[in-house]
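Asks: Okay, so here is structure-v5.txt, and as you'll see once you scroll down, it has compact mmCIF, C-alpha atoms.
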```
# COMPACT_ATOMS: atom_id res chain seq x y z
CA MET A 1 0.00 0.00 0.00
CA ASN A 2 1.35 3.39 -1.01
CA ASP A 3 -1.27 5.64 0.49
CA ILE A 4 -0.07 8.39 2.79
CA THR A 5 -1.92 9.59 5.87
CA ILE A 6 -0.89 12.92 7.37
CA SER A 7 -2.57 13.62 10.72
CA HIS A 8 -2.50 16.97 12.49
CA LEU A 9 0.94 17.84 11.14
CA ARG A 10 2.52 20.86 12.78
CA LYS A 11 6.00 22.26 12.17
CA VAL A 12 7.37 25.24 14.03
CA TYR A 13 10.69 26.90 13.18
CA GLY A 14 11.64 29.14 16.13
CA THR A 15 8.62 31.40 16.47
CA THR A 16 7.34 30.75 12.94
CA VAL A 17 4.55 28.24 12.48
CA ALA A 18 5.27 26.85 8.99
CA VAL A 19 2.61 24.12 9.03
CA ASP A 20 -0.35 24.19 11.38
CA ASP A 21 -2.64 21.20 11.93
CA VAL A 22 -2.63 19.82 8.37
CA SER A 23 -4.35 16.46 7.87
CA LEU A 24 -4.44 14.79 4.45
CA GLU A 25 -5.24 11.40 2.97
CA ILE A 26 -3.18 10.87 -0.15
CA PRO A 27 -4.43 7.76 -1.97
CA SER A 28 -2.39 5.38 -4.08
CA ALA A 29 -2.99 5.06 -7.83
CA SER A 30 -3.67 8.75 -8.10
CA VAL A 31 -2.09 12.14 -8.66
CA PHE A 32 -2.51 14.54 -5.75
CA GLY A 33 -1.90 18.25 -6.28
CA VAL A 34 -0.82 20.66 -3.56
CA LEU A 35 -1.50 24.32 -4.23
CA GLY A 36 -0.65 27.37 -2.20
CA PRO A 37 0.92 30.80 -2.41
CA ASN A 38 4.69 31.16 -1.93
CA GLY A 39 5.66 30.43 1.65
CA ALA A 40 2.36 28.72 2.41
CA GLY A 41 4.00 25.61 3.85
CA LYS A 42 3.98 23.24 0.87
CA THR A 43 7.72 22.55 0.87
CA THR A 44 7.80 22.15 4.66
CA THR A 45 4.95 19.62 4.41
CA PHE A 46 6.92 17.71 1.76
CA LYS A 47 10.08 17.78 3.88
CA CYS A 48 8.21 16.34 6.86
CA LEU A 49 6.76 13.69 4.55
CA LEU A 50 10.26 12.71 3.45
CA GLY A 51 11.81 12.75 6.88
CA LEU A 52 13.95 15.76 5.93
CA ALA A 53 12.30 17.80 8.67
CA ARG A 54 11.02 16.49 11.99
CA PRO A 55 7.38 17.37 12.66
CA THR A 56 6.84 19.40 15.84
CA SER A 57 3.73 17.29 16.32
CA GLY A 58 1.44 15.07 14.28
CA THR A 59 2.01 11.82 12.46
CA ILE A 60 2.71 10.68 8.92
CA LEU A 61 1.99 7.08 7.92
CA PHE A 62 2.90 5.25 4.71
CA GLY A 63 0.51 2.37 4.11
CA GLY A 64 -0.34 2.59 7.80
CA LYS A 65 3.27 2.51 9.00
CA PRO A 66 5.57 5.34 10.09
CA LEU A 67 8.59 6.31 8.01
CA GLU A 68 11.33 3.70 8.44
CA PRO A 69 14.67 3.21 6.66
CA ALA A 70 13.13 0.78 4.16
CA THR A 71 10.55 3.43 3.17
CA PHE A 72 13.27 5.65 1.68
CA GLU A 73 13.88 3.11 -1.07
CA ARG A 74 10.20 3.44 -2.03
CA ILE A 75 10.06 7.26 -2.11
CA ALA A 76 11.47 9.44 -4.89
CA TYR A 77 11.70 13.19 -4.39
CA VAL A 78 12.17 16.10 -6.76
CA PRO A 79 13.08 19.12 -4.63
CA GLU A 80 12.05 22.62 -5.56
CA ARG A 81 15.65 23.81 -5.77
CA SER A 82 18.44 21.96 -7.53
CA VAL A 83 20.41 19.58 -5.34
CA LEU A 84 22.70 18.59 -8.20
CA TYR A 85 26.45 19.18 -7.95
CA ASP A 86 27.63 21.88 -10.36
CA TRP A 87 31.02 20.25 -10.92
CA MET A 88 29.63 16.80 -11.82
CA THR A 89 28.27 15.64 -15.17
CA VAL A 90 24.70 14.44 -15.63
CA ALA A 91 25.98 10.89 -16.28
CA GLU A 92 27.87 10.97 -12.97
CA HIS A 93 24.63 11.87 -11.18
CA VAL A 94 22.94 8.90 -12.85
CA GLU A 95 25.76 6.66 -11.66
CA MET A 96 25.64 8.11 -8.14
CA THR A 97 21.87 7.55 -7.94
CA ARG A 98 22.30 3.97 -9.22
CA ARG A 99 24.69 3.22 -6.37
CA ALA A 100 22.36 4.74 -3.79
CA PHE A 101 19.15 2.91 -4.75
CA THR A 102 18.94 -0.79 -5.58
CA SER A 103 15.77 -0.49 -7.70
CA PHE A 104 17.17 2.35 -9.85
CA ASP A 105 16.79 1.69 -13.59
CA HIS A 106 19.94 3.04 -15.21
CA LYS A 107 18.68 2.51 -18.76
CA ARG A 108 15.37 4.21 -18.03
CA ALA A 109 17.21 7.26 -16.61
CA HIS A 110 19.09 7.67 -19.88
CA GLU A 111 15.88 7.20 -21.90
CA LEU A 112 14.22 9.96 -19.90
CA LEU A 113 17.23 12.26 -20.29
CA GLY A 114 16.95 11.62 -24.03
CA MET A 115 13.27 12.56 -23.94
CA PHE A 116 14.23 15.87 -22.33
CA HIS A 117 17.07 16.31 -24.87
CA ILE A 118 19.76 16.41 -22.21
CA ASP A 119 23.26 15.26 -23.12
CA PRO A 120 24.47 13.21 -20.11
CA ARG A 121 28.07 14.26 -20.78
CA ARG A 122 27.32 17.86 -19.85
CA ARG A 123 28.26 19.30 -16.50
CA VAL A 124 25.45 20.56 -14.30
CA ARG A 125 27.15 23.98 -14.16
CA VAL A 126 26.19 24.71 -17.79
CA LEU A 127 22.57 23.56 -17.50
CA SER A 128 19.65 26.00 -17.36
CA LYS A 129 17.17 25.95 -14.46
CA GLY A 130 14.70 23.97 -16.55
CA MET A 131 17.33 21.42 -17.59
CA LYS A 132 18.33 20.88 -13.97
CA THR A 133 14.67 20.26 -13.13
CA ALA A 134 14.51 17.77 -16.01
CA VAL A 135 17.59 15.92 -14.73
CA MET A 136 16.06 15.61 -11.25
CA VAL A 137 12.77 14.41 -12.78
CA ALA A 138 14.61 11.81 -14.88
CA LEU A 139 16.49 10.54 -11.82
CA ALA A 140 13.30 10.35 -9.75
CA PHE A 141 11.19 8.54 -12.36
CA ALA A 142 13.95 5.99 -13.00
CA ARG A 143 13.87 4.99 -9.33
CA ASN A 144 10.92 2.57 -9.67
CA ALA A 145 9.59 4.27 -6.56
CA GLU A 146 6.05 3.67 -5.32
CA ILE A 147 5.67 7.15 -3.90
CA LEU A 148 6.75 10.23 -5.84
CA VAL A 149 6.94 13.57 -4.07
CA LEU A 150 7.50 16.32 -6.60
CA ASP A 151 8.01 19.92 -5.51
CA GLU A 152 7.48 22.14 -8.57
CA PRO A 153 8.56 19.38 -11.01
CA THR A 154 7.96 21.58 -14.04
CA GLY A 155 9.84 24.66 -12.82
CA GLY A 156 11.61 26.37 -15.73
CA LEU A 157 10.51 23.73 -18.27
CA ASP A 158 9.13 24.59 -21.70
CA PRO A 159 5.52 23.55 -22.47
CA ILE A 160 6.61 20.37 -24.30
CA ASN A 161 8.72 19.14 -21.40
CA GLN A 162 6.05 20.20 -18.91
CA ARG A 163 3.66 17.90 -20.74
CA HIS A 164 6.25 15.10 -20.61
CA VAL A 165 6.41 15.45 -16.83
CA LEU A 166 2.61 15.36 -16.50
CA SER A 167 2.51 12.22 -18.69
CA LEU A 168 5.13 10.56 -16.48
CA MET A 169 3.02 11.36 -13.42
CA ILE A 170 -0.16 9.97 -15.02
CA ASN A 171 1.74 6.83 -16.00
CA GLU A 172 2.89 6.28 -12.40
CA ALA A 173 -0.66 6.73 -11.08
CA ALA A 174 -1.90 4.24 -13.70
CA LYS A 175 0.66 1.74 -12.35
CA GLY A 176 -0.84 2.11 -8.86
CA ASN A 177 1.77 4.43 -7.39
CA SER A 178 1.17 7.60 -5.37
CA VAL A 179 2.16 10.91 -6.89
CA VAL A 180 2.09 14.13 -4.86
CA PHE A 181 3.13 17.32 -6.56
CA SER A 182 3.02 21.05 -6.09
CA SER A 183 2.87 23.61 -8.83
CA HIS A 184 2.09 27.27 -9.24
CA GLN A 185 0.79 26.45 -12.71
CA ILE A 186 -2.80 25.77 -11.80
CA GLY A 187 -3.59 24.54 -15.32
CA GLN A 188 -1.26 21.59 -14.79
CA VAL A 189 -2.82 20.68 -11.48
CA GLU A 190 -6.26 21.05 -13.03
CA ARG A 191 -5.33 18.62 -15.81
CA ALA A 192 -3.36 15.95 -14.01
CA ALA A 193 -4.54 15.92 -10.41
CA GLU A 194 -7.55 13.99 -9.25
CA GLN A 195 -7.48 15.50 -5.78
CA ILE A 196 -6.09 18.76 -4.49
CA ALA A 197 -5.24 20.39 -1.22
CA VAL A 198 -4.84 24.15 -0.91
CA ILE A 199 -2.48 25.28 1.86
CA ASP A 200 -2.35 28.91 2.91
CA CYS A 201 -0.36 30.34 5.82
CA GLY A 202 0.44 26.81 6.99
CA ARG A 203 -3.20 25.75 7.15
CA LEU A 204 -5.28 23.50 4.97
CA VAL A 205 -7.96 25.78 3.53
CA LEU A 206 -9.52 23.53 0.87
CA GLU A 207 -9.34 19.92 -0.25
CA GLY A 208 -11.32 17.66 -2.52
CA LEU A 209 -11.66 16.07 -5.94
CA VAL A 210 -11.04 18.70 -8.64
CA ASP A 211 -14.09 17.52 -10.58
CA ASP A 212 -16.32 17.66 -7.49
CA LEU A 213 -15.10 21.13 -6.50
CA LYS A 214 -15.90 22.35 -10.03
CA GLY A 215 -19.22 20.54 -10.06
CA ASP A 216 -20.33 22.05 -6.73
CA ARG A 217 -18.84 25.53 -6.57
CA LYS A 218 -20.67 28.03 -8.74
CA ILE A 219 -21.54 31.69 -8.94
CA VAL A 220 -25.27 32.38 -8.97
CA GLU A 221 -26.17 35.82 -10.19
CA GLY A 222 -29.48 37.64 -10.48
CA ILE A 223 -30.79 41.12 -11.19
CA PHE A 224 -33.69 42.46 -9.16
CA PRO A 225 -36.27 45.00 -10.43
CA ASP A 226 -35.29 47.48 -7.72
CA THR A 227 -32.82 47.91 -4.87
CA THR A 228 -35.30 47.08 -2.11
CA PHE A 229 -35.21 43.28 -2.50
CA THR A 230 -34.85 41.15 0.59
CA LEU A 231 -32.84 37.98 0.88
CA ASP A 232 -34.58 36.08 3.62
CA GLY A 233 -33.55 32.46 3.49
CA ILE A 234 -30.89 33.02 0.83
CA ALA A 235 -28.16 35.07 2.48
CA ASN A 236 -28.09 32.80 5.52
CA ASP A 237 -28.25 29.57 3.49
CA ALA A 238 -25.25 27.47 4.58
CA ARG A 239 -24.43 26.74 0.92
CA VAL A 240 -23.80 30.44 0.24
CA ALA A 241 -20.14 31.05 0.99
CA ARG A 242 -20.22 34.68 0.02
CA SER A 243 -22.72 37.22 -1.19
CA ASP A 244 -22.07 40.49 -2.97
CA ARG A 245 -24.74 43.03 -3.59
CA THR A 246 -24.29 45.96 -5.95
CA GLU A 247 -27.46 48.02 -6.28
CA ARG A 248 -29.87 45.64 -8.10
CA ILE A 249 -27.36 42.88 -8.80
CA LEU A 250 -26.88 40.01 -6.39
CA ARG A 251 -23.95 37.65 -6.83
CA LEU A 252 -23.58 34.55 -4.69
CA MET A 253 -20.67 32.15 -4.43
CA VAL A 254 -22.21 28.79 -3.54
CA THR A 255 -20.54 25.55 -2.47
CA ALA A 256 -23.46 23.32 -3.52
CA GLY A 257 -27.00 23.36 -4.86
CA ALA A 258 -26.47 26.12 -7.45
CA ASN A 259 -29.62 25.27 -9.41
CA ASP A 260 -31.75 25.20 -6.29
CA ILE A 261 -30.43 28.58 -5.17
CA ALA A 262 -30.92 29.96 -8.70
CA ALA A 263 -34.57 28.86 -8.49
CA LYS A 264 -34.89 30.63 -5.14
CA LEU A 265 -33.56 33.85 -6.64
CA THR A 266 -36.07 33.60 -9.49
CA ALA A 267 -38.86 32.97 -6.97
CA ALA A 268 -37.73 36.08 -5.07
CA GLY A 269 -38.29 38.13 -8.22
CA ALA A 270 -34.80 38.18 -9.76
CA MET A 271 -34.39 38.45 -13.53
CA GLY A 272 -31.52 37.20 -15.66
CA VAL A 273 -30.57 34.52 -13.15
CA ARG A 274 -27.40 32.79 -14.28
CA VAL A 275 -25.24 30.01 -12.92
CA LEU A 276 -21.57 30.53 -13.75
CA ASP A 277 -18.90 27.82 -13.68
CA LEU A 278 -15.66 28.32 -11.79
CA ASN A 279 -12.36 26.85 -12.90
CA LEU A 280 -9.69 25.72 -10.48
CA GLU A 281 -7.90 29.06 -10.57
CA ASP A 282 -11.11 30.84 -9.49
CA ILE A 283 -11.67 28.28 -6.75
CA PHE A 284 -8.05 28.56 -5.62
CA LEU A 285 -8.11 32.36 -5.50
CA TYR A 286 -11.31 32.26 -3.52
CA ALA A 287 -9.82 29.77 -1.04
CA VAL A 288 -6.64 31.76 -0.37
CA SER A 289 -7.98 35.30 -0.54
CA PRO A 290 -11.75 35.38 -0.25
CA ALA A 291 -11.76 39.15 0.21
CA THR A 292 -10.20 40.00 -3.13
CA ALA A 293 -11.05 37.06 -5.35
CA THR A 294 -14.56 37.96 -6.35
CA THR A 295 -13.80 40.28 -9.23
CA ASP A 296 -11.46 37.66 -10.70
CA ILE A 297 -14.09 35.01 -10.24
CA VAL A 298 -16.72 37.00 -12.01
CA ALA A 299 -14.48 38.14 -14.83
CA LYS A 300 -13.32 34.60 -15.59
CA GLY A 301 -16.56 32.76 -14.98
CA THR A 302 -18.22 31.34 -18.07
CA THR A 303 -21.91 30.85 -18.58
CA SER A 304 -22.88 27.26 -18.00
CA MET B 305 -11.28 4.41 -31.33
CA PRO B 306 -10.64 7.46 -33.48
CA ALA B 307 -8.93 10.32 -31.69
CA VAL B 308 -12.14 12.27 -31.15
CA LEU B 309 -11.70 13.05 -27.49
CA THR B 310 -10.19 16.23 -26.16
CA VAL B 311 -10.62 17.80 -22.77
CA ASP B 312 -10.33 21.40 -21.69
CA PRO B 313 -9.04 21.19 -18.13
CA ARG B 314 -9.37 24.97 -17.69
CA SER B 315 -13.09 24.84 -18.22
CA GLY B 316 -15.36 24.97 -15.18
CA VAL B 317 -16.99 21.76 -16.43
CA PRO B 318 -15.57 18.71 -14.58
CA ILE B 319 -13.27 16.65 -16.81
CA TYR B 320 -15.21 13.42 -16.27
CA LEU B 321 -18.37 15.15 -17.52
CA GLN B 322 -16.50 16.38 -20.60
CA ILE B 323 -15.41 12.80 -21.36
CA ILE B 324 -18.97 11.48 -20.85
CA GLU B 325 -20.42 14.14 -23.12
CA GLN B 326 -17.95 13.45 -25.92
CA ILE B 327 -18.34 9.68 -25.83
CA LYS B 328 -22.13 10.06 -25.90
CA ARG B 329 -21.86 12.43 -28.83
CA SER B 330 -19.59 9.96 -30.66
CA VAL B 331 -22.13 7.18 -30.06
CA ALA B 332 -25.01 9.38 -31.24
CA LEU B 333 -23.12 10.33 -34.39
CA GLY B 334 -22.06 6.76 -35.11
CA VAL B 335 -18.38 7.66 -34.78
CA LEU B 336 -18.38 4.97 -32.11
CA GLN B 337 -20.23 1.92 -33.40
CA PRO B 338 -22.19 -0.54 -31.28
CA GLY B 339 -19.82 -3.19 -29.99
CA GLU B 340 -16.77 -1.03 -30.66
CA GLN B 341 -14.02 -1.23 -28.07
CA LEU B 342 -13.05 1.87 -26.10
CA PRO B 343 -9.47 2.55 -25.07
CA THR B 344 -8.54 1.21 -21.64
CA VAL B 345 -8.79 3.62 -18.74
CA LYS B 346 -5.01 3.75 -18.56
CA GLN B 347 -4.60 4.39 -22.28
CA LEU B 348 -7.18 7.16 -22.42
CA ALA B 349 -5.72 8.74 -19.26
CA ILE B 350 -2.28 8.81 -20.89
CA ASP B 351 -3.67 10.07 -24.23
CA LEU B 352 -5.55 12.94 -22.58
CA THR B 353 -2.95 13.50 -19.80
CA VAL B 354 -5.62 13.30 -17.13
CA ASN B 355 -5.82 11.23 -13.97
CA PRO B 356 -6.78 7.56 -14.56
CA ASN B 357 -9.42 7.75 -11.82
CA THR B 358 -11.07 10.63 -13.67
CA VAL B 359 -11.40 8.46 -16.80
CA ALA B 360 -12.57 5.51 -14.67
CA ARG B 361 -15.26 7.73 -13.16
CA ALA B 362 -16.51 8.71 -16.65
CA TYR B 363 -16.60 5.04 -17.71
CA ARG B 364 -18.49 4.04 -14.55
CA GLU B 365 -21.11 6.70 -15.22
CA LEU B 366 -21.43 5.64 -18.88
CA GLU B 367 -21.93 2.04 -17.71
CA ARG B 368 -24.58 3.15 -15.27
CA GLU B 369 -26.35 5.00 -18.09
CA GLN B 370 -26.00 1.86 -20.22
CA VAL B 371 -24.07 3.58 -23.00
CA ILE B 372 -21.07 1.28 -22.61
CA GLU B 373 -20.43 -2.05 -20.94
CA THR B 374 -17.28 -3.39 -19.36
CA SER B 375 -16.38 -7.02 -19.06
CA PRO B 376 -13.52 -7.82 -16.73
CA GLY B 377 -10.35 -8.72 -18.58
CA ARG B 378 -11.78 -7.82 -22.00
CA GLY B 379 -12.29 -4.10 -21.74
CA SER B 380 -15.04 -1.54 -22.30
CA PHE B 381 -17.33 -1.57 -25.32
CA VAL B 382 -20.14 0.54 -26.75
CA ARG B 383 -23.26 -1.45 -25.90
CA ALA B 384 -24.34 -3.77 -28.68
CA ASN B 385 -27.99 -2.68 -28.52
CA GLY B 386 -26.74 0.57 -30.02
CA VAL B 387 -29.39 0.64 -32.76
CA ALA B 388 -31.90 1.63 -30.09
CA GLU B 389 -29.28 3.48 -28.07
CA ALA B 390 -27.97 6.08 -30.55
CA PRO B 391 -31.26 8.00 -31.06
CA LYS B 392 -31.81 7.99 -27.29
CA VAL B 393 -28.37 9.50 -26.70
CA ALA B 394 -28.96 12.01 -29.51
CA ALA B 395 -32.28 13.04 -27.94
CA GLU B 396 -30.55 13.48 -24.62
CA ILE B 397 -27.84 15.74 -26.10
CA GLY B 398 -30.50 17.79 -27.92
CA GLY B 399 -32.61 18.06 -24.78
CA ASP B 400 -29.66 19.32 -22.75
CA ALA B 401 -28.87 21.97 -25.38
CA LEU B 402 -32.48 23.16 -25.39
CA ASP B 403 -32.45 23.33 -21.60
CA VAL B 404 -29.49 25.68 -21.70
CA ALA B 405 -31.14 27.82 -24.39
CA LEU B 406 -34.48 28.02 -22.58
CA ARG B 407 -32.85 28.88 -19.26
CA GLU B 408 -31.30 31.84 -21.07
CA THR B 409 -34.55 32.97 -22.77
CA LYS B 410 -36.38 32.70 -19.44
CA SER B 411 -33.63 34.57 -17.60
CA VAL B 412 -33.79 37.53 -19.97
CA GLY B 413 -37.55 37.70 -19.44
CA LEU B 414 -38.95 36.41 -22.75
CA GLU B 415 -42.54 35.18 -22.64
CA ARG B 416 -43.68 31.74 -23.78
CA HIS B 417 -45.19 32.97 -27.07
CA GLU B 418 -42.06 34.99 -27.86
CA VAL B 419 -39.88 31.94 -27.30
CA ARG B 420 -42.17 29.91 -29.53
CA GLU B 421 -41.80 32.47 -32.34
CA LEU B 422 -38.04 32.51 -31.97
CA PHE B 423 -37.98 28.70 -31.93
CA GLU B 424 -40.02 28.53 -35.17
CA LEU B 425 -37.64 30.96 -36.87
CA ALA B 426 -34.58 29.02 -35.71
CA LEU B 427 -36.21 25.76 -36.76
CA GLN B 428 -36.76 27.09 -40.28
CA ARG B 429 -33.20 28.34 -40.47
CA TRP B 430 -31.71 24.98 -39.57
CA TYR B 431 -34.29 22.51 -40.83
CA GLY B 432 -35.77 24.44 -43.78
CA ALA B 433 -39.42 25.39 -44.30
CA GLU B 434 -41.94 22.73 -43.33
CA LEU B 435 -43.70 21.22 -46.35
CA SER B 436 -47.44 21.44 -45.84
CA GLU B 437 -49.67 19.24 -48.00
```
What does the file become when written as structure tokens?
Replies:
Amino acid sequence: MNDITISHLRKVYGTTVAVDDVSLEIPSASVFGVLGPNGAGKTTTFKCLLGLARPTSGTILFGGKPLEPATFERIAYVPERSVLYDWMTVAEHVEMTRRAFTSFDHKRAHELLGMFHIDPRRRVRVLSKGMKTAVMVALAFARNAEILVLDEPTGGLDPINQRHVLSLMINEAAKGNSVVFSSHQIGQVERAAEQIAVIDCGRLVLEGLVDDLKGDRKIVEGIFPDTTFTLDGIANDARVARSDRTERILRLMVTAGANDIAAKLTAAGAMGVRVLDLNLEDIFLYAVSPATATTDIVAKGTTS
Amino acid sequence: MPAVLTVDPRSGVPIYLQIIEQIKRSVALGVLQPGEQLPTVKQLAIDLTVNPNTVARAYRELEREQVIETSPGRGSFVRANGVAEAPKVAAEIGGDALDVALRETKSVGLERHEVRELFELALQRWYGAELSE
């Protein structure tokens, strides 16, 4: 079993709380996306997952068992920043990784480097940021690991190579392995991830299946004949996460039951009632900055 | 299966619903024939670069709606009673499109008789004038 259970994870550095009470179930045979603004606590969460940082409190279980030396062989990690040695060649890194991990597939590593058009004879010093990312991705995916933890695995890559990385992730999930990745490119997460978690200021602010979040979260908008309309039973509906009222226009962000709430608006006398879809970027912006996200949400929403 | 499927992950429409809609459309149009084999979940996931579970969810829903059938070890197929199935799927797609259109006409305040007039005009545009004996 490759599923990962994070329970009440907390990590404090000095007086800074980097991760605060984060609990996640990361299933096997799936791609799990972690989103969050810079400094939100994504990398710290990953480091705790990998045993590179000791949690202040909370537990992390792999297939029901805590991290043990044998688990390291099963986990591959692509860090956000390059950990490659400038003075070594790419081929030397392949060789070094082969010696460190028994299940490493040397041939596969070179195939993947070929896919990314990286000459293994080159020294890391001369590689661009994107090429370094590609080398780390190639090393990780040649590990035959069951759990892949990828921190910004497409950083600096061109769109073709970004798509290669997404395909590799999908392929691992299809084989039954667990893939956890973070990215600031929401479009990638939206495409490849089945489930997401949004972390902001060290806290888990949203989680769920991408398709369910999109299916449930909608904007419901209506125009009333005058400004004196009342909202009894709508504004305090638990499914309404936010309501904005500008003169005769009422705009509601709902977390479920959009059609039902749209019908209520019509019954209350609203005209032009529309239900607008939200994409993951809209949902993300709302989750991390509810106060400022609305204009973005409305501008990007499309009529369903 | 011909490469007829594409998904737009940036859309607000869940990916599994996009897959369902396109497979239904392909069945209705005869692009997918009764008895024809669909790609495996894994293959379609890799082709579309979407999560395998997302494709599996679409297939499960299509099975539940009796558009496709899956036999363990053999794969997923368009149901063989497709002669009866295709018009039903086509009617469903048409009905959904009309729902969207009518929600819009209602929301902008058009009355029933006005919608009927508009519908007649649109019908003539797309289907030609009705021949009366």
Asks: Write out as JSON lines the residues of chain A that have any atom within 6 Å of an atom of chain B, one row each with the nearest atom pair and its distance in Å to one decimal, counting only C-alpha atoms, sorted by chain and then rising number.
Replies:
```
{"residue": "A:Ser167", "atom": "CA", "partner": "B:Thr353", "partner_atom": "CA", "distance": 5.7}
{"residue": "A:Ile170", "atom": "CA", "partner": "B:Asn355", "partner_atom": "CA", "distance": 5.9}
{"residue": "A:Ala174", "atom": "CA", "partner": "B:Lys346", "partner_atom": "CA", "distance": 5.8}
{"residue": "A:Glu190", "atom": "CA", "partner": "B:Pro313", "partner_atom": "CA", "distance": 5.8}
{"residue": "A:Arg191", "atom": "CA", "partner": "B:Pro313", "partner_atom": "CA", "distance": 5.1}
{"residue": "A:Ala192", "atom": "CA", "partner": "B:Val354", "partner_atom": "CA", "distance": 4.7}
{"residue": "A:Glu194", "atom": "CA", "partner": "B:Asn355", "partner_atom": "CA", "distance": 5.7}
{"residue": "A:Asp211", "atom": "CA", "partner": "B:Pro318", "partner_atom": "CA", "distance": 4.4}
{"residue": "A:Lys214", "atom": "CA", "partner": "B:Gly316", "partner_atom": "CA", "distance": 5.8}
{"residue": "A:Met271", "atom": "CA", "partner": "B:Ser411", "partner_atom": "CA", "distance": 5.7}
{"residue": "A:Gly272", "atom": "CA", "partner": "B:Ser411", "partner_atom": "CA", "distance": 3.9}
{"residue": "A:Val273", "atom": "CA", "partner": "B:Ser411", "partner_atom": "CA", "distance": 5.4}
{"residue": "A:Asp277", "atom": "CA", "partner": "B:Gly316", "partner_atom": "CA", "distance": 4.8}
{"residue": "A:Leu278", "atom": "CA", "partner": "B:Gly316", "partner_atom": "CA", "distance": 4.8}
{"residue": "A:Asn279", "atom": "CA", "partner": "B:Gly316", "partner_atom": "CA", "distance": 4.2}
```
Asks: I'd like the neighbourhood of B:Ile372 as a list in words, where a residue qualifies if any of its atoms comes within 12 Å (using only C-alpha atoms), though same-chain residues fewer than 6 positions away should be ignored.
Replies: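 Non-adjacent residues within range: Ile324, Ile327, Lys328, Ser330, Val331, Leu336, Gln337, Pro338, Gly339, Glu340, Gln341, Leu342, Pro343, Ala362, Tyr363, Arg364, Glu365, Leu366, Gly379, Ser380, Phe381, Val382, Arg383, Ala384, Asn385, Gly386, Glu389, Ala390 and Val393 of chain B.
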Asks: With distances taken over all atoms listed in the file, which residue among B:Ala401, B:Leu333, B:Val419, B:Leu348 lies nearest B:Leu309?
Replies: B:Leu348
Asks: Do you know which residues lie at most 9 Å from (-22.8, 28.5, -9.4), with coordinates as in the file and only C-alpha atoms counted, and could you write them as number ranges by chain?
Replies: A: 215-221, 252-259, 261-262, 274-278, 304
Asks: Taking 5 positions as the minimum chain separation for residues in the same chain, which residues sit within 12 Å of A:Pro66 when counting only C-alpha atoms? Answer as a list in words.
Replies: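 Listed by chain and then number, they are Asp3, Ile4, Thr5, Ile6, Ser7, Cys48, Leu49, Leu50, Gly51, Gly58, Thr59, Ile60, Leu61, Thr71 and Phe72 of chain A.
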Asks: Please measure the separation of atom CA of A:Gln185 and atom CA of A:Pro79, giving the value in Å to one decimal.
Replies: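 For atom CA of A:Gln185 relative to atom CA of A:Pro79, the distance reads 16.4 Å.
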Asks: Taking all atoms listed in the file into account, which of A:Ile196, A:Val90, A:Leu204, A:Leu148 comes nearest A:Leu168?
Replies: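 Distance minimum relative to A:Leu168 lands on A:Leu148.
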Asks: Will you model N, CA and C atoms for stretch 80-90 of chain A and pass it back as a short mmCIF file (atom, residue, chain, number, x, y, z; two decimals), in the frame of the given file?
Replies:
```cif
data_model
loop_
_atom_site.label_atom_id
_atom_site.label_comp_id
_atom_site.auth_asym_id
_atom_site.auth_seq_id
_atom_site.Cartn_x
_atom_site.Cartn_y
_atom_site.Cartn_z
N GLU A 80 12.36 21.38 -4.85
CA GLU A 80 12.05 22.62 -5.56
C GLU A 80 13.32 23.26 -6.12
N ARG A 81 14.38 23.23 -5.32
CA ARG A 81 15.65 23.81 -5.77
C ARG A 81 16.61 22.69 -6.14
N SER A 82 17.49 22.97 -7.07
CA SER A 82 18.44 21.96 -7.53
C SER A 82 19.34 21.48 -6.40
N VAL A 83 19.47 20.15 -6.31
CA VAL A 83 20.41 19.58 -5.34
C VAL A 83 21.54 18.87 -6.10
N LEU A 84 21.66 19.21 -7.38
CA LEU A 84 22.70 18.59 -8.20
C LEU A 84 24.03 19.31 -7.94
N TYR A 85 25.12 18.58 -8.14
CA TYR A 85 26.45 19.18 -7.95
C TYR A 85 26.93 19.82 -9.25
N ASP A 86 27.23 21.10 -9.18
CA ASP A 86 27.63 21.88 -10.36
C ASP A 86 28.81 21.27 -11.11
N TRP A 87 29.76 20.71 -10.34
CA TRP A 87 31.02 20.25 -10.92
C TRP A 87 30.92 18.83 -11.48
N MET A 88 29.77 18.16 -11.30
CA MET A 88 29.63 16.80 -11.82
C MET A 88 28.86 16.81 -13.14
N THR A 89 29.06 15.76 -13.94
CA THR A 89 28.27 15.64 -15.17
C THR A 89 26.93 14.99 -14.83
N VAL A 90 26.01 15.07 -15.80
CA VAL A 90 24.70 14.44 -15.63
C VAL A 90 24.88 12.92 -15.49
#
```
